[in-house]
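Peer 1: I'd like to ask some things about the structure below.
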Amino acid sequence: MSATKAAFVLVHGGWHNHSAWDKVTPILEANGFAALTIDLPGAGVNAISPTSLGLRPFDHAAFVAERSPSADITQAERTQAVVALVKEAASLSDSRVILLGHSAGGMTISAVAEQVPGLLLAVVYLSGFLVPNGMPLLAMLQHESMSSALSPRLFVGNPGIIGATRIDAGSTDEAYRSLLKASFYADVSESEFEHAASQLHHDESNRRPGPIGDYTGKIWDSATALYPLHARSRDSVDRSGSYDCDG
Amino acid sequence: MIATVDGTIGGKTTTHTLESSHSPFLSQPANLSKILIDICVQSLAEQSVEAL
(Lines give C-alpha, C1' and ligand atoms only; values in the text may rest on other atoms or scores of the structure.)
Protein backbone atom coordinates (compact mmCIF):
# COMPACT_ATOMS: atom_id res chain seq x y z
CA MET A 1 0.00 0.00 0.00
CA SER A 2 1.37 3.40 -0.91
CA ALA A 3 1.86 5.96 1.82
CA THR A 4 -0.66 8.75 2.22
CA LYS A 5 0.38 12.39 1.87
CA ALA A 6 0.55 12.69 5.63
CA ALA A 7 -1.27 11.34 8.66
CA PHE A 8 -3.09 13.17 11.41
CA VAL A 9 -3.20 11.86 14.95
CA LEU A 10 -6.08 13.52 16.78
CA VAL A 11 -6.07 13.44 20.58
CA HIS A 12 -9.24 14.36 22.43
CA GLY A 13 -9.49 16.61 25.46
CA GLY A 14 -10.62 16.01 29.00
CA TRP A 15 -13.85 14.03 29.53
CA HIS A 16 -14.09 13.41 25.78
CA ASN A 17 -13.12 10.46 23.60
CA HIS A 18 -12.32 9.55 20.00
CA SER A 19 -15.87 10.33 18.87
CA ALA A 20 -15.05 14.03 19.16
CA TRP A 21 -13.42 13.71 15.75
CA ASP A 22 -16.25 11.93 13.95
CA LYS A 23 -17.00 14.95 11.75
CA VAL A 24 -13.37 15.79 11.03
CA THR A 25 -11.79 12.48 10.09
CA PRO A 26 -14.00 11.92 7.01
CA ILE A 27 -12.99 15.32 5.65
CA LEU A 28 -9.31 14.67 6.16
CA GLU A 29 -9.58 11.22 4.62
CA ALA A 30 -11.50 12.56 1.64
CA ASN A 31 -8.55 14.86 1.02
CA GLY A 32 -6.08 11.99 0.96
CA PHE A 33 -4.82 12.06 4.51
CA ALA A 34 -4.90 9.32 7.10
CA ALA A 35 -6.61 10.33 10.33
CA LEU A 36 -6.12 8.25 13.46
CA THR A 37 -7.95 8.76 16.75
CA ILE A 38 -7.78 7.16 20.16
CA ASP A 39 -9.57 6.70 23.43
CA LEU A 40 -6.94 7.70 25.98
CA PRO A 41 -6.60 5.58 29.13
CA GLY A 42 -9.65 6.36 31.26
CA ALA A 43 -11.66 7.67 28.31
CA GLY A 44 -14.25 6.23 25.92
CA VAL A 45 -14.13 2.45 25.93
CA ASN A 46 -11.49 2.68 28.66
CA ALA A 47 -13.63 4.78 31.00
CA ILE A 48 -14.87 3.35 34.29
CA SER A 49 -17.70 5.21 35.97
CA PRO A 50 -17.85 5.71 39.73
CA THR A 51 -19.92 2.88 41.20
CA SER A 52 -22.08 5.39 43.06
CA LEU A 53 -23.61 6.39 39.74
CA GLY A 54 -25.46 3.09 39.73
CA LEU A 55 -27.08 3.59 43.12
CA ARG A 56 -30.85 4.11 43.18
CA PRO A 57 -32.01 6.42 44.43
CA PHE A 58 -29.05 8.43 43.27
CA ASP A 59 -26.87 9.49 46.20
CA HIS A 60 -25.19 12.76 45.24
CA ALA A 61 -23.13 12.87 48.43
CA ALA A 62 -21.70 9.45 47.67
CA PHE A 63 -21.02 10.47 44.07
CA VAL A 64 -18.98 13.52 44.97
CA ALA A 65 -17.01 11.65 47.65
CA GLU A 66 -16.17 8.38 45.87
CA ARG A 67 -12.55 7.87 44.96
CA SER A 68 -12.19 7.80 41.21
CA PRO A 69 -11.67 4.47 39.43
CA SER A 70 -9.35 6.48 37.16
CA ALA A 71 -7.29 8.00 39.97
CA ASP A 72 -4.22 5.90 39.26
CA ILE A 73 -4.04 6.60 35.53
CA THR A 74 -0.81 8.43 34.83
CA GLN A 75 0.32 10.88 32.22
CA ALA A 76 2.91 8.30 31.27
CA GLU A 77 0.15 5.87 30.30
CA ARG A 78 -1.56 8.49 28.18
CA THR A 79 1.73 9.40 26.58
CA GLN A 80 2.65 5.85 25.70
CA ALA A 81 -0.76 5.18 24.18
CA VAL A 82 -0.37 8.13 21.83
CA VAL A 83 3.27 7.36 21.05
CA ALA A 84 2.11 3.96 19.79
CA LEU A 85 -0.53 5.61 17.61
CA VAL A 86 1.98 8.11 16.22
CA LYS A 87 4.27 5.24 15.25
CA GLU A 88 1.36 3.57 13.47
CA ALA A 89 0.55 6.82 11.68
CA ALA A 90 4.19 7.24 10.72
CA SER A 91 4.17 3.82 9.09
CA LEU A 92 1.26 4.97 6.91
CA SER A 93 2.82 8.24 5.85
CA ASP A 94 6.60 7.98 5.60
CA SER A 95 6.88 9.60 9.02
CA ARG A 96 4.87 12.67 8.09
CA VAL A 97 2.58 13.00 11.08
CA ILE A 98 0.61 16.00 12.28
CA LEU A 99 -0.10 15.56 16.00
CA LEU A 100 -3.08 17.48 17.36
CA GLY A 101 -4.33 17.76 20.93
CA HIS A 102 -7.59 19.38 21.96
CA SER A 103 -7.79 21.15 25.30
CA ALA A 104 -6.24 19.01 28.04
CA GLY A 105 -4.98 16.74 25.26
CA GLY A 106 -2.36 19.41 24.75
CA MET A 107 -0.54 18.14 27.80
CA THR A 108 -0.28 14.69 26.29
CA ILE A 109 0.90 15.79 22.87
CA SER A 110 3.73 17.84 24.39
CA ALA A 111 4.95 14.73 26.16
CA VAL A 112 4.53 12.64 23.01
CA ALA A 113 6.41 15.16 20.90
CA GLU A 114 9.34 14.85 23.24
CA GLN A 115 9.34 11.09 22.78
CA VAL A 116 9.15 10.96 18.98
CA PRO A 117 10.01 14.38 17.54
CA GLY A 118 11.50 12.83 14.43
CA LEU A 119 8.15 11.43 13.36
CA LEU A 120 6.29 14.72 13.52
CA LEU A 121 5.78 17.38 10.90
CA ALA A 122 3.92 19.66 13.29
CA VAL A 123 2.25 19.78 16.67
CA VAL A 124 -1.14 21.49 16.85
CA TYR A 125 -2.80 22.72 20.05
CA LEU A 126 -6.53 23.13 19.45
CA SER A 127 -7.51 25.37 22.35
CA GLY A 128 -4.95 23.15 23.95
CA PHE A 129 -2.89 23.35 27.07
CA LEU A 130 0.56 24.45 26.05
CA VAL A 131 1.83 24.42 29.60
CA PRO A 132 5.03 25.11 31.46
CA ASN A 133 7.18 22.06 32.05
CA GLY A 134 5.79 19.52 34.46
CA MET A 135 2.51 21.24 35.28
CA PRO A 136 -0.21 18.63 35.97
CA LEU A 137 -3.79 18.96 34.78
CA LEU A 138 -5.20 19.91 38.16
CA ALA A 139 -2.68 22.72 38.61
CA MET A 140 -3.48 23.95 35.12
CA LEU A 141 -7.18 23.99 35.82
CA GLN A 142 -6.53 25.98 39.00
CA HIS A 143 -4.17 28.40 37.27
CA GLU A 144 -5.12 32.08 37.44
CA SER A 145 -5.41 32.20 33.67
CA MET A 146 -8.37 29.82 34.01
CA SER A 147 -10.15 32.06 36.49
CA SER A 148 -12.75 33.16 33.95
CA ALA A 149 -13.24 29.72 32.41
CA LEU A 150 -16.63 28.14 32.81
CA SER A 151 -15.64 24.50 33.09
CA PRO A 152 -14.25 24.63 36.66
CA ARG A 153 -17.79 25.41 37.78
CA LEU A 154 -18.74 21.97 36.49
CA PHE A 155 -16.41 20.17 38.85
CA VAL A 156 -17.92 18.18 41.69
CA GLY A 157 -16.16 16.72 44.72
CA ASN A 158 -12.71 17.47 46.04
CA PRO A 159 -10.23 16.47 43.33
CA GLY A 160 -7.46 16.12 45.89
CA ILE A 161 -9.48 13.51 47.76
CA ILE A 162 -11.18 11.62 44.95
CA GLY A 163 -8.04 11.61 42.80
CA ALA A 164 -9.66 13.07 39.72
CA THR A 165 -11.34 16.13 38.32
CA ARG A 166 -14.97 15.00 38.13
CA ILE A 167 -17.92 16.33 36.21
CA ASP A 168 -21.51 15.13 36.43
CA ALA A 169 -21.79 14.42 32.72
CA GLY A 170 -25.20 12.78 33.00
CA SER A 171 -26.79 15.37 35.22
CA THR A 172 -30.40 16.19 34.48
CA ASP A 173 -30.23 19.46 36.39
CA GLU A 174 -31.17 22.18 33.93
CA ALA A 175 -28.73 24.78 35.23
CA TYR A 176 -25.87 22.29 35.23
CA ARG A 177 -26.61 21.16 31.69
CA SER A 178 -26.79 24.76 30.53
CA LEU A 179 -23.38 25.34 32.04
CA LEU A 180 -22.06 22.19 30.40
CA LYS A 181 -23.27 23.40 27.02
CA ALA A 182 -21.85 26.89 27.55
CA SER A 183 -18.50 25.45 28.63
CA PHE A 184 -17.92 23.08 25.76
CA TYR A 185 -20.57 23.39 23.07
CA ALA A 186 -21.94 26.92 23.03
CA ASP A 187 -22.40 27.04 19.26
CA VAL A 188 -23.73 23.57 18.52
CA SER A 189 -27.36 22.60 18.17
CA GLU A 190 -29.29 21.22 21.09
CA SER A 191 -29.45 17.76 19.54
CA GLU A 192 -25.72 17.74 18.87
CA PHE A 193 -25.11 18.88 22.41
CA GLU A 194 -27.24 16.06 23.78
CA HIS A 195 -25.27 13.53 21.75
CA ALA A 196 -21.90 15.01 22.65
CA ALA A 197 -22.77 15.15 26.35
CA SER A 198 -23.82 11.52 26.26
CA GLN A 199 -20.30 10.62 25.15
CA LEU A 200 -18.53 12.28 28.07
CA HIS A 201 -16.99 10.39 30.94
CA HIS A 202 -16.87 11.67 34.50
CA ASP A 203 -13.31 11.61 35.74
CA GLU A 204 -9.96 12.91 34.60
CA SER A 205 -7.06 11.63 36.66
CA ASN A 206 -4.99 14.25 38.48
CA ARG A 207 -1.79 12.20 38.50
CA ARG A 208 1.34 14.20 37.88
CA PRO A 209 3.50 13.44 34.88
CA GLY A 210 5.74 10.46 35.56
CA PRO A 211 9.29 9.80 34.42
CA ILE A 212 7.98 9.33 30.91
CA GLY A 213 5.95 12.32 29.85
CA ASP A 214 7.83 14.64 32.15
CA TYR A 215 8.22 17.70 30.03
CA THR A 216 11.90 18.35 29.53
CA GLY A 217 11.61 21.04 26.94
CA LYS A 218 13.24 18.93 24.26
CA ILE A 219 10.38 19.59 21.90
CA TRP A 220 11.17 23.27 22.00
CA ASP A 221 14.65 22.50 20.76
CA SER A 222 13.49 20.36 17.87
CA ALA A 223 12.58 21.55 14.42
CA THR A 224 8.96 20.60 14.93
CA ALA A 225 6.70 23.57 14.34
CA LEU A 226 3.99 24.37 16.86
CA TYR A 227 0.56 25.58 15.87
CA PRO A 228 -1.67 26.91 18.62
CA LEU A 229 -5.13 26.92 17.11
CA HIS A 230 -7.12 29.34 19.16
CA ALA A 231 -10.83 28.58 19.10
CA ARG A 232 -12.10 31.90 20.37
CA SER A 233 -15.53 31.77 21.82
CA ARG A 234 -17.82 34.66 21.12
CA ASP A 235 -19.69 34.26 24.35
CA SER A 236 -16.99 33.61 26.88
CA VAL A 237 -13.94 35.50 27.93
CA ASP A 238 -11.11 35.56 25.46
CA ARG A 239 -8.15 34.45 27.47
CA SER A 240 -5.97 35.35 24.55
CA GLY A 241 -3.65 32.45 24.44
CA SER A 242 -3.09 28.78 24.76
CA TYR A 243 -4.62 28.88 28.23
CA ASP A 244 -8.03 29.70 26.82
CA CYS A 245 -9.18 26.17 27.44
CA ASP A 246 -12.31 24.91 29.06
CA GLY A 247 -11.34 21.31 29.47
CA MET B 1 0.21 33.45 26.84
CA ILE B 2 0.99 32.15 23.38
CA ALA B 3 3.32 35.11 22.95
CA THR B 4 5.04 34.22 26.20
CA VAL B 5 5.52 30.61 25.21
CA ASP B 6 6.57 31.62 21.73
CA GLY B 7 9.20 33.94 23.14
CA THR B 8 10.51 31.20 25.35
CA ILE B 9 10.96 28.76 22.51
CA GLY B 10 12.29 31.16 19.94
CA GLY B 11 9.36 32.04 17.76
CA LYS B 12 8.36 28.58 16.56
CA THR B 13 4.63 29.00 16.87
CA THR B 14 2.15 29.99 14.21
CA THR B 15 -1.27 30.86 15.60
CA HIS B 16 -4.54 30.30 13.76
CA THR B 17 -7.83 31.62 15.06
CA LEU B 18 -11.28 30.17 14.58
CA GLU B 19 -14.37 31.96 15.85
CA SER B 20 -16.15 29.12 17.57
CA SER B 21 -16.98 27.51 20.86
CA HIS B 22 -14.51 25.23 22.58
CA SER B 23 -15.53 22.43 20.23
CA PRO B 24 -15.05 23.51 16.60
CA PHE B 25 -14.74 19.83 15.65
CA LEU B 26 -18.50 19.75 16.18
CA SER B 27 -19.61 23.21 15.13
CA GLN B 28 -17.17 23.94 12.30
CA PRO B 29 -15.59 20.68 11.17
CA ALA B 30 -15.03 21.91 7.61
CA ASN B 31 -13.31 25.12 8.70
CA LEU B 32 -11.21 23.27 11.24
CA SER B 33 -10.23 20.64 8.68
CA LYS B 34 -9.23 23.33 6.20
CA ILE B 35 -6.88 24.88 8.74
CA LEU B 36 -5.40 21.49 9.56
CA ILE B 37 -4.83 20.71 5.91
CA ASP B 38 -3.24 24.13 5.40
CA ILE B 39 -0.92 23.45 8.32
CA CYS B 40 -0.01 20.10 6.83
CA VAL B 41 0.64 21.51 3.36
CA GLN B 42 2.78 24.28 4.83
CA SER B 43 4.73 21.81 6.95
CA LEU B 44 5.34 19.52 4.01
CA ALA B 45 6.58 22.46 1.98
CA GLU B 46 8.94 23.53 4.75
CA GLN B 47 10.20 19.97 5.05
CA SER B 48 10.92 19.90 1.32
CA VAL B 49 12.87 23.15 1.51
CA GLU B 50 14.89 21.89 4.47
CA ALA B 51 15.72 18.73 2.54
CA LEU B 52 17.29 20.69 -0.32
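In the C-alpha coordinates, chains take letters A, B, ... by order of appearance, with residues numbered from 1 within each chain and ligands from 1 in the order shown.
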Tell me which protein, DNA and RNA residues are within 10 Å of range 38-45 of chain B, counting only C-alpha atoms, leaving out same-chain ones fewer than 2 positions away, and put them as a PyMOL selection string.

Peer 2: (chain A and resi 5-8+33+96-98+120-124+224-227) or (chain B and resi 14+16+32-36+47-51)

Peer 1: Can you write out as a Markdown table which residues of chain B fall within 6 Å of chain A, alongside each residue's closest atom pair and its distance in Å to one decimal, counting only C-alpha atoms and ordering rows by chain and ascending residue number?

Peer 2:
```
| residue | atom | partner | partner_atom | distance |
| --- | --- | --- | --- | --- |
| B:Met1 | CA | A:Gly241 | CA | 4.7 |
| B:Ile2 | CA | A:Gly241 | CA | 4.8 |
| B:Ile9 | CA | A:Trp220 | CA | 5.5 |
| B:Lys12 | CA | A:Ala225 | CA | 5.7 |
| B:Thr13 | CA | A:Leu226 | CA | 4.7 |
| B:Thr14 | CA | A:Tyr227 | CA | 5.0 |
| B:Thr15 | CA | A:Pro228 | CA | 5.0 |
| B:His16 | CA | A:Leu229 | CA | 4.8 |
| B:Thr17 | CA | A:His230 | CA | 4.7 |
| B:Leu18 | CA | A:Ala231 | CA | 4.8 |
| B:Glu19 | CA | A:Arg232 | CA | 5.1 |
| B:Ser20 | CA | A:Ser233 | CA | 5.1 |
| B:Ser21 | CA | A:Ser233 | CA | 4.6 |
| B:His22 | CA | A:Phe184 | CA | 5.1 |
| B:Ser23 | CA | A:Tyr185 | CA | 5.9 |
| B:Ser27 | CA | A:Val188 | CA | 5.3 |
| B:Pro29 | CA | A:Val24 | CA | 5.4 |
```

Peer 1: Among range 139-207 of chain A, which ones does DSSP assign to strand (DSSP E) (computed from the backbone)? Answer as a list of chain:residue names.

Peer 2: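 Answer for range 139-207 of chain A restricted to strand (DSSP E) is A:Phe155, A:Val156, A:Ala164, A:Thr165, A:Arg166, A:Ile167, A:Asp203, A:Glu204, A:Ser205.
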
Peer 1: Enumerate as a PyMOL selection string all residues of range 13-199 of chain A assigned to alpha helix (DSSP H) by DSSP on the backbone, naming them with the chain letters and numbers the document uses.

Peer 2: chain A and resi 25-30+60-65+75-93+105-115+137-141+159-162+174-184+190-199

Peer 1: Need the shell around Phe155 in chain A: protein/DNA/RNA residues with any atom at most 9 Å away, counting only C-alpha atoms. Skip same-chain ones fewer than 6 positions apart. Format as a list of chain:residue names?

Peer 2: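 The filter keeps A:Thr165, A:Arg166, A:Ile167, A:Asp168.
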
Peer 1: Could the residues in this selection be saved with all heavy atoms as an mmCIF file, in the first residue's frame?

Peer 2:
```cif
data_model
loop_
_atom_site.group_PDB
_atom_site.id
_atom_site.type_symbol
_atom_site.label_atom_id
_atom_site.label_comp_id
_atom_site.auth_asym_id
_atom_site.auth_seq_id
_atom_site.Cartn_x
_atom_site.Cartn_y
_atom_site.Cartn_z
ATOM 1 N N THR A 165 -10.479 14.974 38.539
ATOM 2 C CA THR A 165 -11.345 16.125 38.319
ATOM 3 C C THR A 165 -12.632 15.594 37.710
ATOM 4 O O THR A 165 -12.630 15.066 36.600
ATOM 5 C CB THR A 165 -10.667 17.141 37.388
ATOM 6 O OG1 THR A 165 -9.390 17.490 37.940
ATOM 7 C CG2 THR A 165 -11.513 18.390 37.275
ATOM 8 N N ARG A 166 -13.709 15.696 38.472
ATOM 9 C CA ARG A 166 -14.971 15.001 38.130
ATOM 10 C C ARG A 166 -16.038 15.988 37.671
ATOM 11 O O ARG A 166 -16.216 17.046 38.257
ATOM 12 C CB ARG A 166 -15.463 14.236 39.359
ATOM 13 C CG ARG A 166 -16.818 13.522 39.187
ATOM 14 C CD ARG A 166 -17.096 12.594 40.359
ATOM 15 N NE ARG A 166 -16.143 11.467 40.349
ATOM 16 C CZ ARG A 166 -15.935 10.643 41.379
ATOM 17 N NH1 ARG A 166 -16.620 10.806 42.493
ATOM 18 N NH2 ARG A 166 -15.061 9.660 41.279
ATOM 19 N N ILE A 167 -16.727 15.599 36.619
ATOM 20 C CA ILE A 167 -17.922 16.330 36.214
ATOM 21 C C ILE A 167 -19.114 15.374 36.277
ATOM 22 O O ILE A 167 -18.951 14.150 36.224
ATOM 23 C CB ILE A 167 -17.797 16.925 34.789
ATOM 24 C CG1 ILE A 167 -17.658 15.820 33.741
ATOM 25 C CG2 ILE A 167 -16.633 17.907 34.720
ATOM 26 C CD1 ILE A 167 -17.720 16.334 32.292
ATOM 27 N N ASP A 168 -20.285 15.936 36.386
ATOM 28 C CA ASP A 168 -21.510 15.134 36.428
ATOM 29 C C ASP A 168 -22.107 15.124 35.024
ATOM 30 O O ASP A 168 -23.108 15.791 34.745
ATOM 31 C CB ASP A 168 -22.490 15.733 37.443
ATOM 32 C CG ASP A 168 -23.669 14.810 37.701
ATOM 33 O OD1 ASP A 168 -23.721 13.716 37.095
ATOM 34 O OD2 ASP A 168 -24.540 15.197 38.503
#
```

Peer 1: State, in Å with one decimal place, the distance from CA of Met146 in chain A to CA of Ala104 in chain A.

Peer 2: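 The value is 12.5 Å.
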